[in-house]
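Enquirer: This is the structure I have questions about; it appears just below.
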Amino acid sequence: MKRLLAFFLPLALAACGLQPMYAGGASGAVAQGLAGIAVSPIEGKAGWLVRNALNDRLHPAGPPSGSRYRLDVRLDDKLEGLGILSDDTVSRERRTLRARYQLVDAASGEIVIDATAGSDAGIDVVSSEYSTIAAEQTALENLSKQVADRIVSRVSLQLRDAAARP
């Protein structure tokens with residue numbers, strides 16, 4: 001029974017329409033498309049973190065020599081108090097990082113993707129101001145990586161779909 005299942009399972013998966021995202025490795029359509037994306041400068045510290053995270057994911061071998069696409073990103077970084085104690089001090093904060101991004105074809109100026117991505121994190125406010133500031137900064141660094149991952153995933157899907165079209 002196990003042998004029969006092992007034989008038919010790959011056939012069933014092939015029939016369901018699942019395809020590997022990065023088929024072909026570094027020479028595949030998605031990897032080549034990602035390597036051809038230039039990330040525009042993004043304002044602020046959060047912008048610097050997101051841009052670095054995007055470049056790390058898009059260009060693991062270094063900056064692109066030529067770019068077919070341009071990625072424009074605008075960020076909204078909010079830090080708000082949530083938990084209020086009886087003495088009117090904040091005991092919990094929420095940091096939210098939202099990005100609106102556009103993937104633009106460099107040759108034609110056509111907007112290929114216009115979407116948003118975001119993430120948030122909760123932060124405990126403690127008696128040590130240094131610890132709270134460090135936690136806020138760590139949350140921003142982690143959120144930047146998460147937002148960059150979501151942007152790259154969405155762009156990868158778009159590039160895969162574009163490569164599949166005749």
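Following the order of the structure tokens, chains are lettered A, B, ..., residues in each are numbered from 1, and ligands are numbered from 1.
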Where in chain A does DSSP assign strand (DSSP E), given as an MDAnalysis selection string?

Expert: chainID A and resid 37:39 69:84 90:105 111:124

Enquirer: Those selected residues, please, written with C-alpha atoms and delivered as a tab-separated table (two decimals), in the first residue's frame.

Expert:
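Dumped everything to again.tsv:
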chain	number	residue	atom	x	y	z
A	37	ILE	CA	14.91	45.14	-10.33
A	38	ALA	CA	16.46	48.38	-9.08
A	39	VAL	CA	15.12	49.58	-5.72
A	69	TYR	CA	12.21	47.24	-13.54
A	70	ARG	CA	12.21	49.91	-10.84
A	71	LEU	CA	10.66	49.31	-7.43
A	72	ASP	CA	9.25	52.45	-5.78
A	73	VAL	CA	8.29	52.12	-2.11
A	74	ARG	CA	6.63	54.55	0.30
A	75	LEU	CA	6.47	53.66	3.99
A	76	ASP	CA	4.20	54.51	6.88
A	77	ASP	CA	5.81	53.74	10.25
A	78	LYS	CA	3.61	54.19	13.33
A	79	LEU	CA	4.31	53.64	17.00
A	80	GLU	CA	1.28	53.90	19.28
A	81	GLY	CA	0.59	53.22	22.93
A	82	LEU	CA	-2.00	50.53	23.65
A	83	GLY	CA	-1.98	49.57	27.31
A	84	ILE	CA	-2.54	52.45	29.74
A	90	VAL	CA	1.84	53.28	28.64
A	91	SER	CA	2.55	49.59	29.32
A	92	ARG	CA	2.34	48.24	25.77
A	93	GLU	CA	3.08	49.70	22.35
A	94	ARG	CA	2.32	48.61	18.83
A	95	ARG	CA	4.68	49.34	15.95
A	96	THR	CA	3.14	49.15	12.49
A	97	LEU	CA	5.09	49.32	9.24
A	98	ARG	CA	3.08	49.59	6.01
A	99	ALA	CA	4.50	49.89	2.51
A	100	ARG	CA	2.84	50.97	-0.71
A	101	TYR	CA	4.97	49.82	-3.59
A	102	GLN	CA	4.93	49.96	-7.36
A	103	LEU	CA	6.90	47.83	-9.76
A	104	VAL	CA	7.50	49.98	-12.83
A	105	ASP	CA	8.75	48.78	-16.22
A	111	ILE	CA	3.12	50.17	-13.62
A	112	VAL	CA	3.23	46.38	-13.44
A	113	ILE	CA	2.27	46.07	-9.75
A	114	ASP	CA	0.65	48.59	-7.43
A	115	ALA	CA	0.13	46.97	-4.04
A	116	THR	CA	0.63	47.24	-0.29
A	117	ALA	CA	2.39	45.13	2.31
A	118	GLY	CA	2.62	45.52	6.04
A	119	SER	CA	3.32	44.00	9.38
A	120	ASP	CA	3.06	44.95	13.04
A	121	ALA	CA	4.65	44.03	16.35
A	122	GLY	CA	3.78	44.42	20.01
A	123	ILE	CA	6.31	45.90	22.42
A	124	ASP	CA	6.28	45.77	26.22

Enquirer: Using only C-alpha atoms, determine which residues lie at most 12 Å from Ala61 (chain A), disregarding the query and same-chain residues fewer than 6 positions distant; provide the list as a PyMOL selection string.

Expert: chain A and resi 26+31-32+34-35+55

Enquirer: Go ahead and write the selection's residues with C-alpha atoms as a compact mmCIF listing (two decimals), in the first residue's frame.

Expert:
# COMPACT_ATOMS: atom_id res chain seq x y z
CA ALA A 26 19.57 31.31 -10.92
CA ALA A 31 15.41 34.72 -10.56
CA GLN A 32 16.42 36.68 -13.67
CA LEU A 34 14.25 39.66 -9.58
CA ALA A 35 17.90 40.34 -10.45
CA ASN A 55 18.44 44.48 -2.04

Enquirer: Mind checking which residues fall within 7 Å of Ala46 (chain A), counting only C-alpha atoms, ignoring those fewer than 4 positions away in the same chain, and posting them as a PyMOL selection string?

Expert: chain A and resi 50+140+144

Enquirer: Export, as a compact mmCIF listing (two decimals), in the first residue's frame, the selected residues with C-alpha atoms.

Expert:
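Writing the result to selection06.txt gives the following:
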# COMPACT_ATOMS: atom_id res chain seq x y z
CA VAL A 50 13.58 48.10 4.01
CA LEU A 140 11.53 48.06 13.35
CA SER A 144 11.51 45.80 7.74

Enquirer: One decimal, Å: what's the distance from CA of Arg160 (chain A) over to CA of Ile42 (chain A), could you say?

Expert: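 Interatomic distance here is 26.0 Å.
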
Enquirer: Identify all residues of region 44-155 of chain A in alpha helix (DSSP H) (DSSP on the backbone) and supply them as number ranges by chain.

Expert: A: 44-58, 129-155

Enquirer: With only C-alpha atoms as the atoms that count, which of A:Ala134, A:Lys45, A:Leu54, A:Ala106 lies nearest to Arg68 (chain A)?

Expert: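 Using only C-alpha atoms, the shortest distance to Arg68 (chain A) belongs to A:Ala106.
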